[in-house]
file run28.csv (CSV, C-alpha atoms)
chain,number,residue,atom,x,y,z
A,29,MET,CA,130.0,124.5,24.0
A,30,ALA,CA,133.3,124.2,25.8
A,31,ASP,CA,135.5,121.2,24.9
A,32,ASP,CA,133.7,118.4,26.7
A,33,THR,CA,136.4,115.9,25.8
A,34,LYS,CA,139.3,117.7,27.6
A,35,ASN,CA,139.2,115.4,30.7
A,36,THR,CA,138.7,112.1,28.9
A,37,ASP,CA,141.0,109.7,27.0
A,38,GLN,CA,138.3,109.1,24.4
A,39,SER,CA,135.9,111.3,22.6
A,40,VAL,CA,132.5,111.4,24.3
A,41,ASP,CA,129.2,112.2,22.5
A,42,PHE,CA,127.1,114.2,25.0
A,43,GLY,CA,124.0,113.9,22.8
A,44,ILE,CA,121.0,115.5,24.3
A,45,LEU,CA,123.0,117.0,27.2
A,46,ASN,CA,124.5,119.7,24.8
A,47,ASN,CA,120.9,120.9,24.2
A,48,LEU,CA,119.9,121.1,27.8
A,49,VAL,CA,120.0,124.6,29.4
A,50,GLY,CA,120.2,123.0,32.9
A,51,TYR,CA,123.2,120.9,31.9
A,52,ARG,CA,125.1,123.8,30.4
A,53,LEU,CA,124.3,126.0,33.4
A,54,ARG,CA,125.7,123.3,35.7
A,55,ARG,CA,128.8,123.0,33.6
A,56,ALA,CA,129.3,126.7,33.8
A,57,GLN,CA,128.7,126.7,37.5
A,58,LEU,CA,131.3,124.0,38.0
A,59,ASN,CA,133.8,126.0,36.0
A,60,PHE,CA,133.1,129.2,37.9
A,61,PHE,CA,133.3,127.4,41.3
A,62,SER,CA,136.5,125.7,40.3
A,63,LYS,CA,138.1,129.0,39.4
A,64,PHE,CA,136.7,130.6,42.5
A,65,SER,CA,138.4,127.9,44.6
A,66,GLU,CA,141.7,128.7,42.9
A,67,VAL,CA,141.3,132.3,43.9
A,68,CYS,CA,139.9,132.0,47.4
A,69,SER,CA,140.8,128.6,48.8
A,70,ASP,CA,143.9,129.9,50.6
A,71,LEU,CA,141.5,132.1,52.6
A,72,GLY,CA,139.3,129.1,53.5
A,73,ILE,CA,136.3,130.6,51.6
A,74,SER,CA,134.0,128.7,49.3
A,75,PRO,CA,131.3,130.3,47.0
A,76,GLY,CA,128.7,129.4,49.6
A,77,LEU,CA,130.6,131.0,52.5
A,78,PHE,CA,131.2,134.1,50.3
A,79,ALA,CA,127.5,134.4,49.6
A,80,ILE,CA,126.7,134.4,53.4
A,81,ILE,CA,129.4,137.0,54.1
A,82,ALA,CA,128.1,139.2,51.3
A,83,ILE,CA,124.5,139.1,52.5
A,84,VAL,CA,125.5,139.8,56.1
A,85,GLU,CA,127.8,142.6,55.0
A,86,ARG,CA,124.9,144.4,53.3
A,87,ASN,CA,122.2,143.3,55.8
A,88,PRO,CA,123.7,143.4,59.3
A,89,GLY,CA,121.3,141.9,61.9
A,90,LEU,CA,119.5,139.4,59.7
A,91,THR,CA,118.9,136.1,61.4
A,92,GLN,CA,120.5,132.9,60.3
A,93,THR,CA,117.2,131.8,59.0
A,94,ALA,CA,116.6,134.9,57.0
A,95,VAL,CA,120.1,134.6,55.4
A,96,ALA,CA,119.4,130.9,54.6
A,97,GLN,CA,116.1,131.8,53.0
A,98,ALA,CA,117.6,134.7,51.0
A,99,LEU,CA,120.2,132.3,49.5
A,100,GLY,CA,117.9,129.4,49.1
A,101,ASN,CA,120.0,127.3,51.5
A,102,ASP,CA,118.9,124.7,54.0
A,103,ARG,CA,118.6,126.2,57.4
A,104,SER,CA,120.5,123.3,59.1
A,105,ALA,CA,123.5,123.7,56.7
A,106,MET,CA,123.6,127.4,57.8
A,107,VAL,CA,124.6,126.5,61.4
A,108,ALA,CA,127.8,124.7,60.3
A,109,ALA,CA,128.6,127.5,57.8
A,110,VAL,CA,128.1,130.3,60.4
A,111,ASP,CA,130.1,128.2,63.0
A,112,LYS,CA,133.0,128.2,60.6
A,113,LEU,CA,132.8,131.9,59.8
A,114,GLU,CA,132.5,132.6,63.5
A,115,LYS,CA,135.6,130.6,64.2
A,116,MET,CA,137.4,132.5,61.5
A,117,ASP,CA,136.4,135.8,63.3
A,118,ILE,CA,134.5,137.0,60.2
A,119,LEU,CA,130.9,136.9,61.6
A,120,GLU,CA,129.4,137.0,65.1
A,121,ARG,CA,126.1,135.8,66.4
A,122,ARG,CA,124.1,138.0,68.7
A,123,PRO,CA,120.6,137.4,70.2
A,124,ALA,CA,118.0,138.7,67.7
A,125,VAL,CA,116.2,141.8,69.0
A,126,ASN,CA,112.7,140.5,68.1
A,127,ASP,CA,113.3,136.9,69.1
A,128,ARG,CA,115.9,136.0,71.7
A,129,ARG,CA,115.7,132.3,70.6
A,130,SER,CA,117.2,133.3,67.2
A,131,TYR,CA,120.6,134.7,66.4
A,132,ALA,CA,121.3,137.8,64.3
A,133,LEU,CA,124.5,137.9,62.3
A,134,PHE,CA,127.0,140.7,62.1
A,135,MET,CA,130.4,141.3,60.6
A,136,THR,CA,133.3,141.5,63.1
A,137,LYS,CA,135.8,144.3,62.7
A,138,TYR,CA,138.2,141.8,61.2
A,139,GLY,CA,135.4,140.4,59.0
A,140,LYS,CA,134.9,143.8,57.5
A,141,LYS,CA,138.5,144.1,56.5
A,142,PHE,CA,138.6,140.5,55.4
A,143,PHE,CA,135.6,141.1,53.2
A,144,GLN,CA,137.3,144.0,51.4
A,145,THR,CA,140.2,141.7,50.5
A,146,LEU,CA,138.0,138.8,49.6
A,147,SER,CA,135.6,140.8,47.5
A,148,GLY,CA,138.5,142.3,45.6
A,149,ARG,CA,139.7,138.8,44.7
A,150,VAL,CA,136.1,137.7,43.8
A,151,MET,CA,135.5,140.8,41.6
A,152,GLU,CA,138.8,140.1,39.7
A,153,HIS,CA,137.8,136.5,39.2
A,154,GLU,CA,134.4,137.6,37.9
A,155,LYS,CA,136.1,140.1,35.6
A,156,ASN,CA,138.4,137.4,34.2
A,157,MET,CA,135.5,135.0,33.6
A,158,ALA,CA,133.3,137.7,32.1
A,159,SER,CA,136.1,138.7,29.7
A,160,ARG,CA,135.1,135.6,27.7
A,161,LEU,CA,131.9,137.3,26.8
A,162,GLU,CA,131.7,139.8,23.9
A,163,GLY,CA,131.4,143.0,25.9
A,164,GLU,CA,129.2,144.6,28.5
A,165,GLN,CA,126.0,144.1,26.5
A,166,GLU,CA,126.4,140.4,26.4
A,167,LEU,CA,127.2,140.3,30.2
A,168,GLU,CA,124.1,142.4,30.9
A,169,TRP,CA,122.0,140.0,28.8
A,170,LEU,CA,123.4,137.0,30.5
A,171,LEU,CA,122.7,138.4,34.0
A,172,LYS,CA,119.2,139.4,33.0
A,173,THR,CA,118.6,135.9,31.5
A,174,LEU,CA,119.9,134.2,34.6
A,175,ASP,CA,117.6,136.3,36.8
A,176,ILE,CA,114.7,135.2,34.7
A,177,LEU,CA,115.7,131.5,34.9
A,178,SER,CA,116.2,131.7,38.7
A,179,GLN,CA,112.6,132.8,39.3

call {"tool": "encode", "arguments": {"input": "run28.csv", "output": "structure tokens"}}
result
Amino acid sequence: MADDTKNTDQSVDFGILNNLVGYRLRRAQLNFFSKFSEVCSDLGISPGLFAIIAIVERNPGLTQTAVAQALGNDRSAMVAAVDKLEKMDILERRPAVNDRRSYALFMTKYGKKFFQTLSGRVMEHEKNMASRLEGEQELEWLLKTLDILSQ
């Protein structure tokens, strides 16, 4: 495991934690999100906002509820996230075709260009993080394993 003592003045025995998949996944997630922030914070984008943009980019017209469900997010948290992305002129809400009480999400013209820049940064970040693995086979195994664990 990574050096768990790097942020402490004293050595810490993590005991059972080092044997827990969930704990190690959380540590890896924190590291990934920290590095993501270094790469994208100047653009005002968090991993959560990036996920919303990525879903809408590939699925224009989904409702906020459908995006929230796809990402496993709380529907109420989606409102604030979409508000922010709308203020940044990345996404826009339009009345949903099948239910005018709901809003469908679409990329703006600026949002499409913004996403190209953003996804380039994110892919470079992923490439840097994945370079710690021992080749493409290990990366494929990890992604498959994470898919299994997320079900």

call {"tool": "residues_near_point", "arguments": {"input": "run28.csv", "point": "(134.6, 138.6, 63.3)", "cutoff": "9 Å", "atoms": "only C-alpha atoms", "output": "list of chain:residue names"}}
result
A:Leu113, A:Glu114, A:Lys115, A:Met116, A:Asp117, A:Ile118, A:Leu119, A:Glu120, A:Phe134, A:Met135, A:Thr136, A:Lys137, A:Tyr138, A:Gly139, A:Lys140

call {"tool": "atom_distance", "arguments": {"input": "run28.csv", "atom1": "atom CA of A:Val125", "atom2": "atom CA of A:Gly89"}}
result
8.7 Å

call {"tool": "atom_distance", "arguments": {"input": "run28.csv", "atom1": "atom CA of A:Ala158", "atom2": "atom CA of A:Gln144"}}
result
20.7 Å

call {"tool": "residues_around", "arguments": {"input": "run28.csv", "residues": "A:Val84", "least_positions_apart": "3", "cutoff": "10 Å", "atoms": "all atoms listed in the file", "output": "PDB file with C-alpha atoms, in the frame of the given file"}}
result
ATOM      1  CA  PHE A  78     131.200 134.100  50.300  1.00  0.00           C
ATOM      2  CA  ALA A  79     127.500 134.400  49.600  1.00  0.00           C
ATOM      3  CA  ILE A  80     126.700 134.400  53.400  1.00  0.00           C
ATOM      4  CA  ILE A  81     129.400 137.000  54.100  1.00  0.00           C
ATOM      5  CA  ASN A  87     122.200 143.300  55.800  1.00  0.00           C
ATOM      6  CA  PRO A  88     123.700 143.400  59.300  1.00  0.00           C
ATOM      7  CA  GLY A  89     121.300 141.900  61.900  1.00  0.00           C
ATOM      8  CA  LEU A  90     119.500 139.400  59.700  1.00  0.00           C
ATOM      9  CA  THR A  91     118.900 136.100  61.400  1.00  0.00           C
ATOM     10  CA  GLN A  92     120.500 132.900  60.300  1.00  0.00           C
ATOM     11  CA  VAL A  95     120.100 134.600  55.400  1.00  0.00           C
ATOM     12  CA  LEU A 119     130.900 136.900  61.600  1.00  0.00           C
ATOM     13  CA  ALA A 132     121.300 137.800  64.300  1.00  0.00           C
ATOM     14  CA  LEU A 133     124.500 137.900  62.300  1.00  0.00           C
ATOM     15  CA  PHE A 134     127.000 140.700  62.100  1.00  0.00           C
ATOM     16  CA  MET A 135     130.400 141.300  60.600  1.00  0.00           C
TER      17      MET A 135
END

call {"tool": "atom_distance", "arguments": {"input": "run28.csv", "atom1": "atom CA of A:Thr93", "atom2": "atom CA of A:Met106"}}
result
7.9 Å

call {"tool": "closest_atom_pairs", "arguments": {"input": "run28.csv", "of": "stretch 136-169 of chain A", "to": "stretch 44-61 of chain A", "cutoff": "12 Å", "atoms": "all atoms listed in the file", "output": "JSON lines"}}
result
{"residue": "A:Val150", "atom": "CA", "partner": "A:Phe60", "partner_atom": "CA", "distance": 10.8}
{"residue": "A:His153", "atom": "CA", "partner": "A:Phe60", "partner_atom": "CA", "distance": 8.8}
{"residue": "A:Glu154", "atom": "CA", "partner": "A:Phe60", "partner_atom": "CA", "distance": 8.5}
{"residue": "A:Lys155", "atom": "CA", "partner": "A:Phe60", "partner_atom": "CA", "distance": 11.5}
{"residue": "A:Asn156", "atom": "CA", "partner": "A:Phe60", "partner_atom": "CA", "distance": 10.4}
{"residue": "A:Met157", "atom": "CA", "partner": "A:Phe60", "partner_atom": "CA", "distance": 7.6}
{"residue": "A:Ala158", "atom": "CA", "partner": "A:Phe60", "partner_atom": "CA", "distance": 10.3}

call {"tool": "closest_residue", "arguments": {"input": "run28.csv", "among": "A:Val107, A:Ala124, A:Leu99, A:Leu170", "to": "A:Pro75", "atoms": "only C-alpha atoms"}}
result
A:Leu99

call {"tool": "closest_residue", "arguments": {"input": "run28.csv", "among": "A:Phe42, A:Glu152, A:Ala96, A:Phe143", "to": "A:Ile73", "atoms": "all atoms listed in the file"}}
result
A:Phe143

call {"tool": "closest_residue", "arguments": {"input": "run28.csv", "among": "A:Leu71, A:Leu174, A:Leu167, A:Ala94", "to": "A:Phe142", "atoms": "all atoms listed in the file"}}
result
A:Leu71

call {"tool": "residues_around", "arguments": {"input": "run28.csv", "residues": "A:Leu77", "least_positions_apart": "6", "cutoff": "9 Å", "atoms": "all atoms listed in the file", "output": "PyMOL selection string"}}
result
chain A and resi 109-110+112-113

call {"tool": "decode", "arguments": {"input": "run28.csv", "residues": "stretch 111-134 of chain A", "atoms": "N, CA, C and O atoms", "output": "JSON list (two decimals), in the first residue's frame"}}
result
[["chain", "number", "residue", "atom", "x", "y", "z"],
["A", 111, "ASP", "N", -27.30, 24.05, -11.69],
["A", 111, "ASP", "CA", -27.30, 25.51, -11.57],
["A", 111, "ASP", "C", -25.91, 26.08, -11.83],
["A", 111, "ASP", "O", -25.75, 27.04, -12.59],
["A", 112, "LYS", "N", -24.91, 25.48, -11.23],
["A", 112, "LYS", "CA", -23.53, 25.95, -11.40],
["A", 112, "LYS", "C", -23.09, 25.81, -12.85],
["A", 112, "LYS", "O", -22.51, 26.73, -13.42],
["A", 113, "LEU", "N", -23.36, 24.66, -13.45],
["A", 113, "LEU", "CA", -22.95, 24.43, -14.84],
["A", 113, "LEU", "C", -23.71, 25.34, -15.80],
["A", 113, "LEU", "O", -23.17, 25.75, -16.83],
["A", 114, "GLU", "N", -24.94, 25.67, -15.46],
["A", 114, "GLU", "CA", -25.71, 26.60, -16.28],
["A", 114, "GLU", "C", -25.12, 28.01, -16.17],
["A", 114, "GLU", "O", -24.97, 28.70, -17.18],
["A", 115, "LYS", "N", -24.76, 28.42, -14.96],
["A", 115, "LYS", "CA", -24.14, 29.74, -14.76],
["A", 115, "LYS", "C", -22.80, 29.84, -15.48],
["A", 115, "LYS", "O", -22.40, 30.92, -15.91],
["A", 116, "MET", "N", -22.12, 28.71, -15.61],
["A", 116, "MET", "CA", -20.83, 28.69, -16.32],
["A", 116, "MET", "C", -21.03, 28.60, -17.83],
["A", 116, "MET", "O", -20.06, 28.57, -18.58],
["A", 117, "ASP", "N", -22.28, 28.54, -18.29],
["A", 117, "ASP", "CA", -22.65, 28.45, -19.71],
["A", 117, "ASP", "C", -22.14, 27.16, -20.34],
["A", 117, "ASP", "O", -21.79, 27.13, -21.52],
["A", 118, "ILE", "N", -22.14, 26.08, -19.56],
["A", 118, "ILE", "CA", -21.70, 24.77, -20.07],
["A", 118, "ILE", "C", -22.91, 23.92, -20.44],
["A", 118, "ILE", "O", -22.92, 23.28, -21.48],
["A", 119, "LEU", "N", -23.94, 23.95, -19.59],
["A", 119, "LEU", "CA", -25.18, 23.21, -19.84],
["A", 119, "LEU", "C", -26.34, 24.18, -19.87],
["A", 119, "LEU", "O", -26.27, 25.27, -19.30],
["A", 120, "GLU", "N", -27.42, 23.73, -20.51],
["A", 120, "GLU", "CA", -28.66, 24.49, -20.44],
["A", 120, "GLU", "C", -29.82, 23.53, -20.20],
["A", 120, "GLU", "O", -29.78, 22.37, -20.63],
["A", 121, "ARG", "N", -30.79, 24.03, -19.48],
["A", 121, "ARG", "CA", -32.02, 23.28, -19.23],
["A", 121, "ARG", "C", -33.05, 23.70, -20.27],
["A", 121, "ARG", "O", -33.18, 24.87, -20.58],
["A", 122, "ARG", "N", -33.78, 22.70, -20.73],
["A", 122, "ARG", "CA", -34.93, 22.95, -21.61],
["A", 122, "ARG", "C", -36.07, 22.09, -21.10],
["A", 122, "ARG", "O", -35.82, 21.00, -20.56],
["A", 123, "PRO", "N", -37.30, 22.53, -21.28],
["A", 123, "PRO", "CA", -38.42, 21.66, -20.87],
["A", 123, "PRO", "C", -38.30, 20.31, -21.58],
["A", 123, "PRO", "O", -38.01, 20.24, -22.77],
["A", 124, "ALA", "N", -38.50, 19.24, -20.82],
["A", 124, "ALA", "CA", -38.44, 17.89, -21.39],
["A", 124, "ALA", "C", -39.61, 17.69, -22.33],
["A", 124, "ALA", "O", -40.73, 18.15, -22.07],
["A", 125, "VAL", "N", -39.37, 16.99, -23.43],
["A", 125, "VAL", "CA", -40.40, 16.76, -24.44],
["A", 125, "VAL", "C", -41.56, 15.95, -23.87],
["A", 125, "VAL", "O", -42.73, 16.27, -24.10],
["A", 126, "ASN", "N", -41.24, 14.91, -23.12],
["A", 126, "ASN", "CA", -42.28, 14.00, -22.63],
["A", 126, "ASN", "C", -42.92, 14.43, -21.31],
["A", 126, "ASN", "O", -43.92, 13.86, -20.90],
["A", 127, "ASP", "N", -42.33, 15.41, -20.62],
["A", 127, "ASP", "CA", -42.86, 15.86, -19.33],
["A", 127, "ASP", "C", -42.41, 17.30, -19.10],
["A", 127, "ASP", "O", -41.28, 17.55, -18.67],
["A", 128, "ARG", "N", -43.29, 18.23, -19.37],
["A", 128, "ARG", "CA", -42.91, 19.65, -19.30],
["A", 128, "ARG", "C", -42.64, 20.12, -17.87],
["A", 128, "ARG", "O", -42.18, 21.23, -17.66],
["A", 129, "ARG", "N", -42.90, 19.26, -16.88],
["A", 129, "ARG", "CA", -42.54, 19.60, -15.49],
["A", 129, "ARG", "C", -41.08, 19.30, -15.22],
["A", 129, "ARG", "O", -40.52, 19.76, -14.23],
["A", 130, "SER", "N", -40.45, 18.51, -16.09],
["A", 130, "SER", "CA", -39.04, 18.14, -15.95],
["A", 130, "SER", "C", -38.20, 18.94, -16.93],
["A", 130, "SER", "O", -38.71, 19.47, -17.92],
["A", 131, "TYR", "N", -36.92, 18.98, -16.63],
["A", 131, "TYR", "CA", -35.98, 19.67, -17.52],
["A", 131, "TYR", "C", -35.02, 18.67, -18.14],
["A", 131, "TYR", "O", -34.48, 17.80, -17.46],
["A", 132, "ALA", "N", -34.80, 18.84, -19.43],
["A", 132, "ALA", "CA", -33.80, 18.06, -20.15],
["A", 132, "ALA", "C", -32.52, 18.89, -20.20],
["A", 132, "ALA", "O", -32.57, 20.13, -20.24],
["A", 133, "LEU", "N", -31.38, 18.22, -20.21],
["A", 133, "LEU", "CA", -30.09, 18.90, -20.20],
["A", 133, "LEU", "C", -29.40, 18.77, -21.54],
["A", 133, "LEU", "O", -29.38, 17.70, -22.14],
["A", 134, "PHE", "N", -28.81, 19.88, -21.96],
["A", 134, "PHE", "CA", -28.08, 19.94, -23.23],
["A", 134, "PHE", "C", -26.81, 20.76, -23.03],
["A", 134, "PHE", "O", -26.76, 21.66, -22.19]]
